[in-house]
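Asker: Just one file: upload-v4.txt, with compact mmCIF, C-alpha atoms.
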```
# COMPACT_ATOMS: atom_id res chain seq x y z
CA MET A 1 -2.30 -23.90 19.77
CA CYS A 2 -5.13 -21.52 19.00
CA ARG A 3 -8.59 -21.29 17.52
CA ILE A 4 -8.92 -18.89 14.57
CA ALA A 5 -12.24 -17.20 13.80
CA PHE A 6 -12.74 -16.17 10.18
CA GLU A 7 -15.23 -14.57 7.84
CA ARG A 8 -15.27 -14.85 4.09
CA ILE A 9 -17.57 -14.56 1.12
CA LYS A 10 -18.82 -17.79 -0.43
CA ASN A 11 -21.49 -17.87 -3.15
CA ASN A 12 -22.12 -14.15 -2.59
CA ARG A 13 -22.85 -14.74 1.11
CA ASN A 14 -20.76 -13.73 4.10
CA ILE A 15 -20.00 -16.87 6.13
CA SER A 16 -18.11 -17.25 9.38
CA GLY A 17 -16.35 -20.20 10.90
CA TYR A 18 -13.34 -21.30 12.89
CA GLY A 19 -10.41 -23.65 12.71
CA PRO A 20 -7.23 -24.47 14.59
CA GLY A 21 -3.83 -22.93 14.15
CA PHE A 22 -0.56 -23.16 15.98
CA PHE A 23 2.22 -20.81 17.01
CA CYS A 24 5.85 -21.64 16.43
CA GLU A 25 9.36 -20.29 16.45
CA ILE A 26 11.15 -20.98 13.18
CA GLU A 27 14.84 -21.81 13.06
CA GLY A 28 17.02 -21.81 9.99
CA ASN A 29 16.75 -19.96 6.69
CA PHE A 30 13.18 -18.70 6.77
CA PRO A 31 12.57 -14.96 6.50
CA ILE A 32 10.58 -14.75 9.76
CA LYS A 33 11.21 -15.92 13.31
CA TYR A 34 7.72 -16.31 14.84
CA ALA A 35 4.63 -17.52 13.03
CA LEU A 36 1.03 -18.61 13.12
CA PHE A 37 0.39 -21.63 10.88
CA THR A 38 -2.96 -23.00 9.74
CA ASN A 39 -4.57 -24.75 6.80
CA SER A 40 -4.99 -22.52 3.75
CA HIS A 41 -8.73 -23.14 3.55
CA ILE A 42 -9.18 -21.65 7.04
CA LEU A 43 -7.39 -18.43 6.11
CA ASN A 44 -6.74 -17.46 2.51
CA GLU A 45 -6.00 -14.41 0.38
CA SER A 46 -9.43 -12.87 1.05
CA ASN A 47 -8.89 -13.12 4.82
CA LEU A 48 -5.45 -11.54 4.63
CA GLU A 49 -6.18 -8.09 3.31
CA VAL A 50 -4.27 -5.29 4.99
CA ARG A 51 -6.22 -3.61 7.80
CA LYS A 52 -8.14 -6.79 8.67
CA ILE A 53 -7.89 -8.41 12.07
CA ILE A 54 -7.43 -12.12 12.68
CA LYS A 55 -9.28 -13.17 15.83
CA LEU A 56 -7.56 -15.81 17.98
CA LYS A 57 -8.44 -17.70 21.14
CA TYR A 58 -5.75 -19.57 23.04
CA PHE A 59 -4.84 -20.66 26.53
CA GLU A 60 -2.15 -18.86 28.47
CA SER A 61 -1.45 -20.04 32.03
CA ASN A 62 -4.72 -22.03 31.93
CA LEU A 63 -6.76 -18.91 31.09
CA LEU A 64 -8.63 -18.53 27.81
CA VAL A 65 -7.38 -15.39 26.04
CA GLU A 66 -8.97 -13.65 23.07
CA LYS A 67 -6.68 -11.57 20.90
CA GLY A 68 -6.89 -9.76 17.59
CA ILE A 69 -3.83 -9.69 15.33
CA ASN A 70 -3.82 -6.68 13.00
CA LEU A 71 -2.71 -7.32 9.45
CA THR A 72 -0.39 -4.54 8.37
CA ASN A 73 1.93 -3.92 5.45
CA ASN A 74 4.96 -4.94 7.53
CA ARG A 75 3.56 -8.38 8.52
CA LYS A 76 4.71 -11.08 6.08
CA THR A 77 2.37 -13.88 4.99
CA PHE A 78 3.22 -17.03 3.07
CA ILE A 79 0.74 -19.29 1.32
CA ASN A 80 1.74 -22.70 0.02
CA LYS A 81 -1.14 -23.95 -2.11
CA GLU A 82 0.58 -27.24 -2.96
CA LEU A 83 0.99 -28.19 0.71
CA GLY A 84 -2.18 -26.37 1.79
CA TYR A 85 -0.83 -24.16 4.55
CA ILE A 86 -0.62 -20.50 5.37
CA CYS A 87 1.98 -18.85 7.59
CA ILE A 88 1.52 -15.41 9.14
CA GLU A 89 4.39 -13.54 10.75
CA LEU A 90 3.97 -12.75 14.44
CA PHE A 91 5.87 -10.26 16.55
CA GLU A 92 6.64 -10.22 20.25
CA SER A 93 4.78 -6.91 20.29
CA ASP A 94 1.56 -8.79 19.42
CA GLY A 95 1.34 -9.38 23.16
CA ILE A 96 1.07 -13.15 23.17
CA LYS A 97 3.30 -13.57 26.19
CA ASN A 98 4.60 -17.08 26.45
CA PHE A 99 3.90 -18.95 23.26
CA PHE A 100 7.45 -18.48 21.97
CA LYS A 101 8.89 -20.23 25.01
CA ILE A 102 6.83 -23.40 25.42
CA GLU A 103 8.89 -26.31 26.70
CA PRO A 104 8.15 -29.79 25.32
CA LEU A 105 5.42 -31.41 27.35
CA ILE A 106 5.89 -34.82 28.83
CA ILE A 107 2.79 -36.71 27.78
CA LEU A 108 1.72 -39.39 30.23
CA ASN A 109 1.78 -42.96 28.96
CA GLN A 110 -1.95 -43.38 29.48
CA SER A 111 -4.85 -41.29 28.23
CA LYS A 112 -8.00 -40.39 30.18
CA ASP A 113 -9.85 -43.41 28.80
CA GLY A 114 -7.08 -45.78 29.95
CA LYS A 115 -5.69 -46.36 26.48
CA ILE A 116 -1.95 -46.95 26.53
CA PHE A 117 -0.24 -44.91 23.83
CA GLU A 118 3.34 -45.67 24.62
CA LYS A 119 3.76 -47.35 21.22
CA ASN A 120 2.16 -44.56 19.23
CA ASP A 121 4.55 -42.08 17.71
CA ILE A 122 2.43 -39.01 16.91
CA PHE A 123 -0.22 -36.93 18.52
CA ILE A 124 -2.46 -34.19 17.20
CA LEU A 125 -3.39 -31.15 19.25
CA GLU A 126 -6.94 -29.98 18.61
CA PHE A 127 -9.18 -27.12 19.68
CA PRO A 128 -12.60 -28.76 19.14
CA ASP A 129 -14.69 -26.26 21.05
CA GLU A 130 -14.23 -22.79 22.45
CA ASN A 131 -13.07 -23.85 25.90
CA GLU A 132 -10.99 -26.97 25.49
CA ILE A 133 -7.81 -28.23 23.89
CA SER A 134 -7.60 -31.96 23.39
CA PHE A 135 -5.32 -34.38 21.63
CA SER A 136 -5.44 -37.73 19.93
CA ASP A 137 -2.60 -40.10 19.25
CA GLY A 138 -1.69 -42.74 16.72
CA LYS A 139 0.93 -44.08 14.39
CA ILE A 140 2.20 -42.92 11.03
CA ILE A 141 0.97 -45.45 8.50
CA GLN A 142 2.59 -44.07 5.38
CA ILE A 143 4.48 -41.03 4.13
CA LYS A 144 4.12 -40.45 0.40
CA ASP A 145 5.28 -37.27 -1.30
CA ASN A 146 3.74 -34.45 0.76
CA GLU A 147 1.12 -36.57 2.51
CA ILE A 148 1.29 -38.20 5.92
CA MET A 149 -1.23 -40.98 6.46
CA HIS A 150 -1.90 -41.68 10.13
CA CYS A 151 -4.40 -43.49 12.32
CA ALA A 152 -4.94 -40.76 14.93
CA SER A 153 -8.58 -39.78 15.11
CA THR A 154 -9.48 -36.12 14.77
CA ASN A 155 -12.52 -34.05 15.57
CA GLY A 156 -14.25 -31.90 12.99
CA ASN A 157 -12.61 -28.56 12.24
CA SER A 158 -9.12 -29.88 12.98
CA SER A 159 -7.58 -29.41 9.55
CA GLY A 160 -5.14 -26.73 10.72
CA ALA A 161 -3.97 -28.68 13.77
CA PRO A 162 -0.33 -29.76 14.06
CA ILE A 163 0.83 -33.36 13.90
CA ILE A 164 3.61 -33.74 16.44
CA LYS A 165 6.10 -36.59 16.55
CA ARG A 166 7.14 -37.87 19.97
CA ASP A 167 10.73 -38.45 20.88
CA LYS A 168 12.05 -41.51 22.74
CA ASN A 169 11.47 -39.79 26.10
CA ASN A 170 7.76 -39.27 25.40
CA LYS A 171 8.19 -35.54 24.84
```
Would you write out, as structure tokens, the structure that this file holds?

Answerer:
Amino acid sequence: MCRIAFERIKNNRNISGYGPGFFCEIEGNFPIKYALFTNSHILNESNLEVRKIIKLKYFESNLLVEKGINLTNNRKTFINKELGYICIELFESDGIKNFFKIEPLIILNQSKDGKIFEKNDIFILEFPDENEISFSDGKIIQIKDNEIMHCASTNGNSSGAPIIKRDKNNK
């Protein structure tokens, strides 16, 4: 999970903002192995010009790390406008030490506010402010075409956050 800082031009003005993204290792028939995913309105074609740097913040061993990822000709990017996501190839040489090897977390059956979420089947990781990762949980209400309707609450600026399905062992 990371927080992506961006700048872009809107209505002839340079604006800046941030949004969540997540790292993953991709298995199967995809042309890259490691990736950064986010919503395509957080990063888009104008943010992905060669020689630009994507600024990330993420936690590694409980320490907040800031890192710039250089966009070069050899880094593949994929934009799916229909599903609204963007995928940027990452390399081990980017220096993000452990994000490729994250083990599934066992999520406790009770949240900080005492709410039992044993019966909920998804949770959403969020990066609502610069120094904290949080999550919410809920149930899938409906899946229709490419949309997942759920009842997990989200904070603002969470549109690039992953929705993760729990397994039977609460992982």

Asker: Of the residues A:Leu83, A:Leu125, A:Cys151, A:Ile141, which is the one nearest to Phe22 in chain A, using all atoms listed in the file?

Answerer: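 Of the candidates, the smallest distance to Phe22 in chain A is held by A:Leu125.
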
Asker: One decimal, Å: what's the distance from CA of Asn62 in chain A over to CA of His150 in chain A, could you say?

Answerer: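 Here the two named atoms are 29.5 Å from each other.
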
Asker: Could you work out how far CA of Thr154 in chain A lies from CA of Ile86 in chain A, giving the answer in Å with one decimal?

Answerer: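 Pair CA of Ile86 in chain A / CA of Thr154 in chain A returns 20.3 Å.
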
Asker: Mind giving me the straight-line distance from CA of Gln142 in chain A to CA of Ile88 in chain A in Å, one decimal?

Answerer: 28.9 Å

Asker: If I wrap all listed atoms of range 17-20 of chain A in a box with edges along x, y and z and add 8 Å on each side, what are its centre and edge lengths in Å to one decimal, as JSON?

Answerer:
```
{"center_x": -11.8, "center_y": -22.3, "center_z": 12.7, "size_x": 25.1, "size_y": 20.3, "size_z": 19.7}
```

Asker: Tell me which of A:Ala35, A:Ser93, A:Ile143, A:Leu56 sits closest to Lys76 in chain A, counting only C-alpha atoms.

Answerer: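 For Lys76 in chain A, the nearest of the given residues is A:Ala35.
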
Asker: Would you list the contacts of range 41-43 of chain A as a PyMOL selection string, taking every protein, DNA or RNA residue within 12 Å and counting all atoms listed in the file, but skipping same-chain residues closer than 6 positions in sequence?

Answerer: chain A and resi 3-9+15-21+49+52-55+77-81+83-88+157-161

Asker: Counting all atoms listed in the file, which residue out of A:Asn70, A:Asn11, A:Asn47, A:Ser136 sits closest to Ile164 in chain A?

Answerer: A:Ser136

Asker: Restricting the calculation to all atoms listed in the file: of A:Ile122, A:Leu63, A:Glu45, A:Arg51, which residue gets closest to Arg75 in chain A?

Answerer: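 Closest candidate: A:Arg51.
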
Asker: Counting all atoms listed in the file, figure out which residue out of A:Met149, A:Leu64, A:Ile140, A:Ile69 gets nearest to Met1 in chain A.

Answerer: A:Leu64

Asker: Could you tell me which of A:Pro162, A:Gly156, A:Gly138, A:Gly95 comes closest to Phe37 in chain A if we count only C-alpha atoms?

Answerer: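 Answer, going by the shortest atom-to-atom distance: A:Pro162.
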